[in-house]
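Engineer: Quick one: this structure, given as C-alpha cells, is what I'll be asking you about.
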Amino acid sequence: MLNPAVSQKMRADTDRRGVDYKPKSATTILHVDMDAFFAAIEEKDNPSLEGKPVIIGGPKDSRGVVTTCNYIARSFGVHSGMSLVKAGQLCPDAIYLKTFGRKYTWTSLKLMTILRKFSPKVEPYSIDEAFLDATGCTHLWGGNEPYGLAVKKAIKETLDLTASVGIGPSRIVAKMASNLDKPDGLTVIPKEKVDSVLGPLPVEAIPGVGDSTKKSLNSIGIQTVSQLAAYPISLLRAHLGINGEALVKIARGEGGDKVIALEERPHDKSMGHEKTFGTDVADKDEILGCLLNLSDKVARRLRRENYYGNVVTLKLRHSDFSTYSHQHALGFFTNDPQEIFDVGHGLLEDIWNEGDCKIRLIGICVSHLARPNGYTGIQENLFQAATGYKRRNLFKALDNLRDEYGEDVLQFAGGLSRAGFRSSSRHPS
Ligand code: TTP
Ligand code: MG
C-alpha cells in the first residue's frame, strides 16, 4: 500500500498534469547512509561533546574495538574496527563512550518511517542505511537533486542528524554514490555518467570487496572499477569462482535495481510464542517478565534453525477478549533475545499502560526470516558486530546447557516473574 504522503503527492501531480501524463520511468534508486551514526546520536544527546573527538566502543584502552567514531576522531586516523588501545594512542583526548544499543535501534526505526514518506518502496539495509526505489517519484520533487535534498532535510529536521545520500540507476551505483561525499553529502550519478564517475575508483570502493578480494583482483592486474568491468567474465570466474561473475556485473552497474519493501517480501516463516495467564494480569513487571521469557524462547528457536528475522510483532489480548497486534520492522536482522524483547517492550508501551484493561494473553513473534548464507542482504544488528562474538559464544553456551539439562536450567533474571513463569506457552497458529 502506498504511503499516504507519497500517494497524496502523486494525486496532486496527476491533477496538475492531467490523467494521461506518464512519469518518466527510468529506474532511479536512492541510498541513504547516516553519518557516524552512533557517534552522531551521542553528540546530539549531549551537546557538551560538540567539537570534540568522540569514539564509541568502550572505555579508552579497554580490550574491545572501536564501533564507530565521529569525523573529528577520524581525522586522527581512528576508524571502526581499530582496537581501543590503538585509538587511545592516536587520540588520547577523545571522549570514549560505550554503545547504547536501544537508542540506536529506535533512531533507526524513526529513520525508516521518515524515508517511507519519499517512496512506497523502502528497503532497510542496515541499522543506518536504506534503499528507496525513487522511480517515478523524483519528478514530484522537481528532479533527482531536489528529491535527494528533501530526504536529507527531512532527516535533519526530524532527527537532527545528517545523512549522506546517493542517487543512481541501480542499487550499487546509488550505494557507491552515497559514499563519495561523506559526511552530509549528496551525489547524483546519472546513467550516462556511471563509467566516468565510478570507473576510475579502486576496486575496494565496491561494497563487499574486502582485503582478500582486492588482493586477488590486484594480482591479475585489476586495480580499478573500469578494469574490472572490462574483464572477461569467464576469466574472472576461473579466478574467483561464481563470485567473479557477480563482481564483474556489479562493476558494470548491472542488475540489483530492485528495491524490495518489507511488505512486498514473500510471506515467509515466522516464529513466535504466546502465553495465556492463569489469571488476568495488570502488573507491568509481571507482563514484562513474561515478555522477556517469550522473547528468549523465540530467539532460541531462531538460533536452533539458524534464522534471523527483522519484523517483531506483539500480540495482546485484554481481559474483555479484545485482541491487538502491533509490529515493527527493524533495519537489521536479529535472533538476540534482548533485542527482540527491547522492540516488544517498545511496542507494549505504544499500546498498553498500567491501569488499562488487564491482560489475558501476550505473544511475541519474529517474521521475515532469513538465513545468513549467500548474498541475502542480511545484516545483523551492526551495533553488536564489535561484541557479537561474545554474545554468539554466550548463546552457544546457553543453548548447549539447555540441550543438555533442559530449558529451565538458565533463565534471564528479569524473566523470573513473581507468579513464576512456566513453559505453558504454545506456538501461535
Ligand atoms: P556505518 O554506516 O558503516 O558507519 P557510520 O555511520 O558510523 O559512519 P559513516 O559516516 O562512515 O557511515 O555503520 C553504521 C553504524 O553501525 C555505526 O555508527 C556503528 C555500527 N557499526 C558497528 O557496530 N560495527 C562496525 O563494524 C561498523 C562498521 C559499524
Ligand atoms: Mg553510516
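Ligands are numbered from 1 in the order shown, chains are lettered A, B, ... in the order of the C-alpha cells, and residues start at 1 in each chain.
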Could you please extract the residues within 9 Å of ligand 1, counting only C-alpha atoms and all ligand atoms, and hand them back as a PyMOL selection string?

Structural biologist: chain A and resi 33-41+56-57+65-71+79-81+99+104+126-129+163-164+179+182-184+381-388

Engineer: Show me, as a PyMOL selection string, the residues that have an atom within 7 Å of range 218-235 of chain A when counting only C-alpha atoms, minus same-chain residues fewer than 4 positions from it.

Structural biologist: chain A and resi 198-203+214+239+245+248+251-252

Engineer: Can you list every residue in range 157-244 of chain A that DSSP puts in alpha helix (DSSP H), as a PyMOL selection string?

Structural biologist: chain A and resi 157-159+171-178+194-198+211-219+225-230+233-240+242-244

Engineer: Name all residues at most 8 Å from Ala26 in chain A (count only C-alpha atoms; drop same-chain ones fewer than 3 positions away) and give them as a PyMOL selection string.

Structural biologist: chain A and resi 135-136+169

Engineer: Name the closest residue to ligand 2 among the candidates A:Leu30, A:Asn46, A:Ser108, A:Ile95; distances are taken between atoms, counting only C-alpha atoms and all ligand atoms.

Structural biologist: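 Between A:Leu30, A:Asn46, A:Ser108, A:Ile95, the residue approaching ligand 2 most closely is A:Ser108.
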
Engineer: Would you mind listing what lies within 7 Å of Thr138 in chain A as a list in words, with only C-alpha atoms counted and same-chain residues fewer than 5 positions away left out?

Structural biologist: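 Here the answer would be Gly143, Asn144 and Tyr147 of chain A.
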
Engineer: As a PyMOL selection string, please: all residues of range 180-343 of chain A that backbone DSSP puts in strand (DSSP E).

Structural biologist: chain A and resi 186-188+270-281+308-318+323-334

Engineer: At a cut-off of 7 Å, using only C-alpha atoms, what residues contact Ala370 in chain A? Leave out same-chain residues fewer than 4 positions from it and give the result as a PyMOL selection string.

Structural biologist: chain A and resi 307-309

Engineer: In Å, rounded to a single decimal, give me how far CA of Asp336 in chain A is from CA of Ala299 in chain A.

Structural biologist: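 So the two atoms, CA of Ala299 in chain A and CA of Asp336 in chain A, lie 5.8 Å apart.
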
Engineer: Compile the contact shell of Ile362 in chain A as a list in words: residues with an atom at most 6 Å away, counting only C-alpha atoms, same-chain residues fewer than 2 positions apart removed.

Structural biologist: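 The contact residues come out as Glu274, Lys275, Lys315 and Leu316 of chain A.
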